[in-house]
>>> print(open('model.cif').read())   # mmCIF, C-alpha atoms
data_target
loop_
_atom_site.label_atom_id
_atom_site.label_comp_id
_atom_site.auth_asym_id
_atom_site.auth_seq_id
_atom_site.Cartn_x
_atom_site.Cartn_y
_atom_site.Cartn_z
CA GLY A 1 -272.65 -148.39 -48.75
CA LYS A 2 -269.97 -151.01 -49.39
CA VAL A 3 -266.40 -150.26 -48.34
CA ALA A 4 -262.95 -151.68 -49.02
CA ASN A 5 -261.23 -153.85 -46.42
CA ASP A 6 -264.60 -154.87 -44.92
CA VAL A 7 -263.64 -157.70 -42.57
CA GLU A 8 -265.62 -159.31 -39.75
CA HIS A 9 -263.57 -160.87 -36.98
CA GLU A 10 -265.08 -163.46 -34.62
CA GLN A 11 -263.26 -164.60 -31.51
CA VAL A 12 -264.56 -167.95 -30.26
CA VAL A 13 -263.88 -169.56 -26.87
CA HIS A 14 -264.91 -173.19 -26.35
CA ASP A 15 -264.90 -174.86 -22.93
CA GLU A 16 -265.12 -178.61 -23.47
CA THR A 17 -265.06 -179.46 -19.76
CA THR A 18 -268.65 -178.34 -19.12
CA SER A 19 -270.24 -180.98 -21.31
CA ALA A 20 -268.94 -184.06 -23.07
CA ALA A 21 -271.42 -183.47 -25.89
CA SER A 22 -270.88 -179.88 -26.92
CA GLY A 23 -269.42 -177.78 -24.09
CA THR A 24 -269.93 -174.03 -23.65
CA PHE A 25 -269.27 -171.53 -26.41
CA SER A 26 -268.64 -167.81 -26.26
CA SER A 27 -267.94 -165.45 -29.14
CA TYR A 28 -267.15 -161.79 -29.62
CA LEU A 29 -267.59 -160.01 -32.96
CA GLN A 30 -265.87 -156.88 -34.19
CA MET A 31 -265.25 -155.49 -37.65
CA ARG A 32 -263.01 -153.22 -39.67
CA GLY A 33 -263.51 -151.32 -42.89
CA SER A 34 -262.31 -148.29 -44.82
CA ILE A 35 -263.86 -144.90 -44.05
CA PRO A 36 -267.35 -144.96 -45.64
CA THR A 37 -267.18 -141.69 -47.57
CA TYR A 38 -266.11 -140.93 -51.13
CA TRP A 39 -262.32 -140.50 -51.16
CA THR A 40 -259.32 -141.69 -53.15
CA GLN A 41 -255.55 -141.87 -53.04
CA GLU A 42 -253.50 -142.73 -56.12
CA SER A 43 -250.82 -145.36 -55.53
CA SER A 44 -247.34 -144.37 -56.61
CA VAL A 45 -243.91 -145.98 -56.36
CA THR A 46 -242.26 -142.58 -55.93
CA MET A 47 -244.80 -141.29 -53.40
CA PRO A 48 -245.31 -143.62 -50.38
CA LYS A 49 -248.00 -141.35 -48.93
CA PRO A 50 -250.00 -140.00 -51.87
CA PRO A 51 -252.44 -137.15 -51.24
CA ILE A 52 -255.99 -138.00 -50.23
CA VAL A 53 -258.76 -136.44 -52.28
CA LEU A 54 -262.49 -136.22 -51.60
CA ASN A 55 -263.51 -137.16 -55.12
CA ARG A 56 -267.32 -136.84 -55.00
CA VAL A 57 -269.75 -134.41 -53.41
CA ASP A 58 -272.26 -136.19 -51.16
CA PRO A 59 -273.91 -133.43 -49.10
CA THR A 60 -276.41 -135.76 -47.40
CA TYR A 61 -273.87 -138.57 -46.94
CA GLN A 62 -276.01 -141.21 -48.66
CA ALA A 63 -273.09 -143.66 -48.96
CA THR A 64 -272.29 -143.35 -45.25
CA ARG A 65 -275.97 -143.71 -44.39
CA ALA A 66 -276.28 -146.88 -46.49
CA HIS A 67 -273.18 -148.35 -44.85
CA PHE A 68 -274.35 -147.81 -41.28
CA ALA A 69 -277.88 -148.92 -42.13
CA ASP A 70 -276.37 -152.21 -43.29
CA LEU A 71 -274.36 -152.53 -40.06
CA LEU A 72 -277.50 -151.84 -38.02
CA ARG A 73 -279.34 -154.64 -39.83
CA ARG A 74 -276.45 -157.05 -39.36
CA TYR A 75 -275.45 -156.29 -35.79
CA GLY A 76 -278.10 -154.13 -34.14
CA SER A 77 -277.18 -151.22 -31.90
CA PRO A 78 -275.10 -149.69 -30.46
CA LEU A 79 -272.77 -149.07 -33.39
CA LEU A 80 -269.39 -148.00 -32.02
CA VAL A 81 -266.84 -146.31 -34.27
CA LEU A 82 -263.14 -146.20 -33.38
CA ASP A 83 -261.41 -143.84 -35.80
CA LEU A 84 -257.61 -144.06 -35.59
CA VAL A 85 -256.63 -141.56 -38.31
CA LYS A 86 -254.49 -138.52 -37.54
CA GLN A 87 -256.38 -135.56 -36.11
CA SER A 88 -253.74 -132.95 -36.99
CA GLU A 89 -250.98 -132.78 -39.61
CA LYS A 90 -248.61 -130.10 -40.92
CA ARG A 91 -249.58 -131.08 -44.44
CA GLU A 92 -253.15 -132.28 -44.22
CA ARG A 93 -253.75 -135.73 -45.62
CA GLU A 94 -255.50 -138.13 -43.26
CA VAL A 95 -257.17 -135.15 -41.58
CA ILE A 96 -259.10 -134.42 -44.78
CA VAL A 97 -260.98 -137.70 -44.86
CA GLY A 98 -261.09 -137.93 -41.06
CA ASP A 99 -262.93 -134.62 -40.79
CA GLU A 100 -265.32 -135.69 -43.53
CA TYR A 101 -266.04 -138.92 -41.64
CA ARG A 102 -266.73 -137.10 -38.40
CA ASN A 103 -269.02 -134.64 -40.19
CA ALA A 104 -270.87 -137.55 -41.79
CA VAL A 105 -271.47 -139.24 -38.43
CA GLU A 106 -272.67 -135.98 -36.87
CA TYR A 107 -275.03 -135.40 -39.80
CA LEU A 108 -276.50 -138.90 -39.57
CA ASN A 109 -276.87 -138.71 -35.78
CA SER A 110 -278.93 -135.54 -36.13
CA SER A 111 -281.78 -137.64 -37.53
CA ILE A 112 -281.32 -140.82 -35.47
CA ASP A 113 -283.06 -141.44 -32.15
CA ASP A 114 -280.86 -141.55 -29.05
CA ASP A 115 -281.07 -145.35 -28.68
CA HIS A 116 -279.49 -145.93 -32.09
CA LYS A 117 -277.05 -143.04 -32.50
CA ILE A 118 -273.60 -143.93 -33.83
CA ARG A 119 -271.08 -143.62 -31.00
CA TYR A 120 -267.96 -142.08 -32.49
CA CYS A 121 -264.56 -142.18 -30.77
CA ALA A 122 -261.49 -140.57 -32.37
CA LEU A 123 -258.08 -141.73 -31.17
CA ASP A 124 -255.06 -140.26 -32.93
CA TYR A 125 -252.92 -143.41 -32.71
CA SER A 126 -249.85 -141.79 -34.26
CA HIS A 127 -249.89 -138.80 -31.92
CA VAL A 128 -250.51 -140.82 -28.75
CA SER A 129 -247.82 -143.40 -29.58
CA LYS A 130 -245.20 -140.67 -30.12
CA HIS A 131 -246.04 -138.56 -27.04
CA ARG A 132 -243.76 -139.20 -24.07
CA ASN A 133 -246.52 -138.61 -21.51
CA LEU A 134 -249.16 -140.73 -23.22
CA ASN A 135 -249.55 -144.50 -23.37
CA VAL A 136 -251.17 -145.81 -26.52
CA SER A 137 -251.72 -149.26 -25.01
CA ALA A 138 -253.57 -147.81 -22.01
CA ALA A 139 -255.66 -145.60 -24.29
CA LEU A 140 -256.64 -148.54 -26.50
CA ASN A 141 -257.43 -150.71 -23.48
CA GLU A 142 -259.75 -148.02 -22.13
CA VAL A 143 -261.61 -147.82 -25.43
CA ALA A 144 -261.71 -151.61 -25.74
CA THR A 145 -263.24 -152.04 -22.28
CA TRP A 146 -265.78 -149.32 -23.06
CA ALA A 147 -266.76 -151.11 -26.28
CA VAL A 148 -267.05 -154.60 -24.79
CA ASN A 149 -269.11 -153.29 -21.88
CA LEU A 150 -271.55 -151.67 -24.32
CA THR A 151 -271.95 -154.48 -26.87
CA GLY A 152 -271.41 -157.47 -24.63
CA PHE A 153 -270.74 -160.84 -26.25
CA PHE A 154 -272.42 -164.18 -26.85
CA CYS A 155 -272.27 -167.05 -24.37
CA SER A 156 -274.32 -170.23 -24.77
CA ALA A 157 -274.46 -171.02 -21.04
CA PRO A 158 -273.14 -168.19 -18.84
CA ARG A 159 -272.36 -168.96 -15.22
CA TRP A 160 -271.47 -165.48 -14.02
CA ARG A 161 -272.35 -161.90 -14.87
CA ILE A 162 -269.96 -158.92 -14.69
CA LYS A 163 -271.71 -155.85 -13.28
CA GLY A 164 -271.01 -152.28 -14.34
CA ASP A 165 -268.75 -151.70 -11.34
CA GLY A 166 -266.63 -154.74 -12.23
CA HIS A 167 -268.01 -157.02 -9.53
CA VAL A 168 -269.07 -160.54 -10.48
CA GLU A 169 -272.39 -162.11 -9.54
CA PRO A 170 -274.05 -165.43 -10.41
CA PHE A 171 -275.90 -165.35 -13.70
CA ASP A 172 -279.62 -165.94 -13.35
CA ASP A 173 -282.09 -164.95 -16.05
CA GLY A 174 -284.93 -166.80 -14.41
CA GLY A 175 -284.25 -169.86 -16.51
CA GLY A 176 -283.41 -172.30 -13.74
CA GLY A 177 -279.81 -171.66 -12.76
CA ASP A 178 -278.80 -172.58 -9.22
CA GLY A 179 -277.88 -168.97 -8.30
CA ARG A 180 -274.30 -169.91 -7.39
CA GLY A 181 -272.73 -170.16 -10.81
CA GLY A 182 -272.61 -173.94 -10.42
CA ARG A 183 -275.15 -174.91 -13.06
CA PRO A 184 -275.86 -172.70 -16.06
CA PRO A 185 -279.44 -171.93 -17.08
CA PRO A 186 -280.91 -173.64 -20.15
CA SER A 187 -279.13 -172.68 -23.36
CA VAL A 188 -282.28 -171.67 -25.22
CA ARG A 189 -285.47 -170.00 -24.08
CA TYR A 190 -288.46 -169.05 -26.19
CA VAL A 191 -289.97 -165.57 -26.12
CA LEU A 192 -293.21 -165.35 -28.13
CA GLY A 193 -292.07 -168.47 -29.95
CA VAL A 194 -288.68 -167.02 -30.88
CA PRO A 195 -285.59 -168.88 -29.59
CA THR A 196 -283.52 -166.58 -27.38
CA LEU A 197 -280.10 -167.33 -25.93
CA PRO A 198 -279.31 -166.16 -22.38
CA MET A 199 -276.42 -163.86 -23.31
CA GLU A 200 -276.05 -162.30 -26.75
CA GLN A 201 -273.98 -159.51 -28.27
CA ALA A 202 -275.86 -156.38 -29.27
CA GLY A 203 -274.10 -153.99 -31.61
CA VAL A 204 -270.51 -154.00 -32.84
CA LEU A 205 -267.23 -152.11 -32.64
CA ARG A 206 -266.10 -150.84 -36.06
CA THR A 207 -262.42 -149.86 -36.27
CA ASN A 208 -260.59 -148.04 -39.04
CA CYS A 209 -257.39 -146.20 -39.84
CA ILE A 210 -256.50 -145.22 -43.40
CA ASP A 211 -255.47 -148.61 -44.80
CA CYS A 212 -257.09 -150.75 -42.07
CA LEU A 213 -253.80 -152.55 -41.37
CA ASP A 214 -251.23 -151.83 -38.65
CA ARG A 215 -253.12 -149.40 -36.39
CA THR A 216 -256.36 -151.30 -36.82
CA ASN A 217 -254.63 -154.60 -36.05
CA VAL A 218 -253.35 -153.29 -32.71
CA ALA A 219 -256.71 -151.78 -31.76
CA GLN A 220 -258.64 -154.94 -32.62
CA PHE A 221 -256.15 -157.01 -30.64
CA SER A 222 -256.82 -154.80 -27.60
CA ALA A 223 -260.57 -155.25 -28.02
CA GLY A 224 -260.11 -159.00 -28.35
CA VAL A 225 -258.08 -159.18 -25.14
CA ALA A 226 -260.66 -157.11 -23.25
CA ALA A 227 -263.43 -159.39 -24.49
CA LEU A 228 -261.47 -162.57 -23.72
CA ALA A 229 -260.92 -161.48 -20.12
CA GLN A 230 -264.67 -161.10 -19.63
CA GLN A 231 -265.53 -164.25 -21.60
CA LEU A 232 -263.40 -166.40 -19.32
CA VAL A 233 -265.12 -164.99 -16.22
CA VAL A 234 -268.64 -165.40 -17.57
CA MET A 235 -267.88 -169.00 -18.57
CA GLY A 236 -266.59 -169.77 -15.06
CA ILE A 237 -263.01 -170.45 -16.16
CA ARG A 238 -261.47 -167.49 -14.29
CA SER A 239 -262.57 -165.43 -11.31
CA SER A 240 -260.92 -162.15 -12.36
CA SER A 241 -261.55 -160.11 -15.50
CA ARG A 242 -257.92 -158.89 -15.52
CA LEU A 243 -255.48 -160.72 -17.77
CA ASP A 244 -251.82 -160.41 -16.80
#
>>> encode(input="model.cif", output="structure tokens")
Amino acid sequence: GKVANDVEHEQVVHDETTSAASGTFSSYLQMRGSIPTYWTQESSVTMPKPPIVLNRVDPTYQATRAHFADLLRRYGSPLLVLDLVKQSEKREREVIVGDEYRNAVEYLNSSIDDDHKIRYCALDYSHVSKHRNLNVSAALNEVATWAVNLTGFFCSAPRWRIKGDGHVEPFDDGGGGDGRGGRPPPSVRYVLGVPTLPMEQAGVLRTNCIDCLDRTNVAQFSAGVAALAQQLVVMGIRSSSRLD
């Protein structure tokens, strides 16, 4: 269940003006990692893009299952997958492992209840970026907004809440806020003796390409910007969730 290039990225925003002692914190988590199936590519000086080979038969996708089970324990659901590998090639290379990945997710979802199904999104970054009528930045921004809206993010003392239609309303979880976004509710509440924060992230966005470098970097940047725009609104620093 372990993969190469497994990296967790945490984006932290700290507003010191709200309290001289500690201020307000907000964080957004996302991760990257190689495709969690059995595949190899031999490095070669003379061959910059060596062929990709599925080097082990795993008909029930046990390695993929173990990987996503670990993510579910660490982050909860929903688990969102953004797969940036090529979806079509004249000489199939990335397509081979990409198809295997998609088949693995479909197989796992067949035995997972609807609340915890893996949400798979394929975006052929190379194709979109080269197409004159397509905008890769707009496509990534759309996916990023979708992901942030589903997982949310952590905020220690939220002042505002962004509704599904994009409108902003005062945050009130019944914990004593003033209903106008002027005073945040208490940072910690206890539910059956368990400390619970007013706004927490549930689930994570997992991004991959083949080497988890250039394409993944751009996609994770887009997700970070989408999250930052909402973080600043929830913390009461900005009134609009659009960053120019």
>>> residues_around(input="model.cif", residues="range 82-94 of chain A", least_positions_apart="5", cutoff="10 Å", atoms="only C-alpha atoms", output="ChimeraX atom specification")
/A:32,35,41,49-53,99,101-102,119-128,140,143-144,147,205-212,215-216,219-220
>>> resolve_selection(input="model.cif", expression="the PyMOL selection byres ((chain A and resi 198-204) around 6)", output="VMD selection string")
chain A and resid 30 75 to 79 151 to 155 197 205
>>> closest_atom_pairs(input="model.cif", of="range 19-112 of chain A", to="range 224-242 of chain A", cutoff="9 Å", atoms="only C-alpha atoms", output="CSV")
residue,atom,partner,partner_atom,distance
A:Thr24,CA,A:Met235,CA,7.4
A:Phe25,CA,A:Met235,CA,8.4
A:Ser26,CA,A:Gln231,CA,6.6
A:Ser27,CA,A:Gln231,CA,8.0
A:Tyr28,CA,A:Ala227,CA,6.8
A:Leu29,CA,A:Gly224,CA,8.8
A:Gln30,CA,A:Gly224,CA,8.5
>>> closest_residue(input="model.cif", among="A:Ile96, A:Gly33, A:Asn103, A:Ala223", to="Asp58 in chain A", atoms="only C-alpha atoms")
A:Asn103
>>> atom_distance(input="model.cif", atom1="CA of His67 in chain A", atom2="CA of Lys2 in chain A")
6.2 Å
>>> atom_distance(input="model.cif", atom1="CA of Arg73 in chain A", atom2="CA of Gly1 in chain A")
12.8 Å
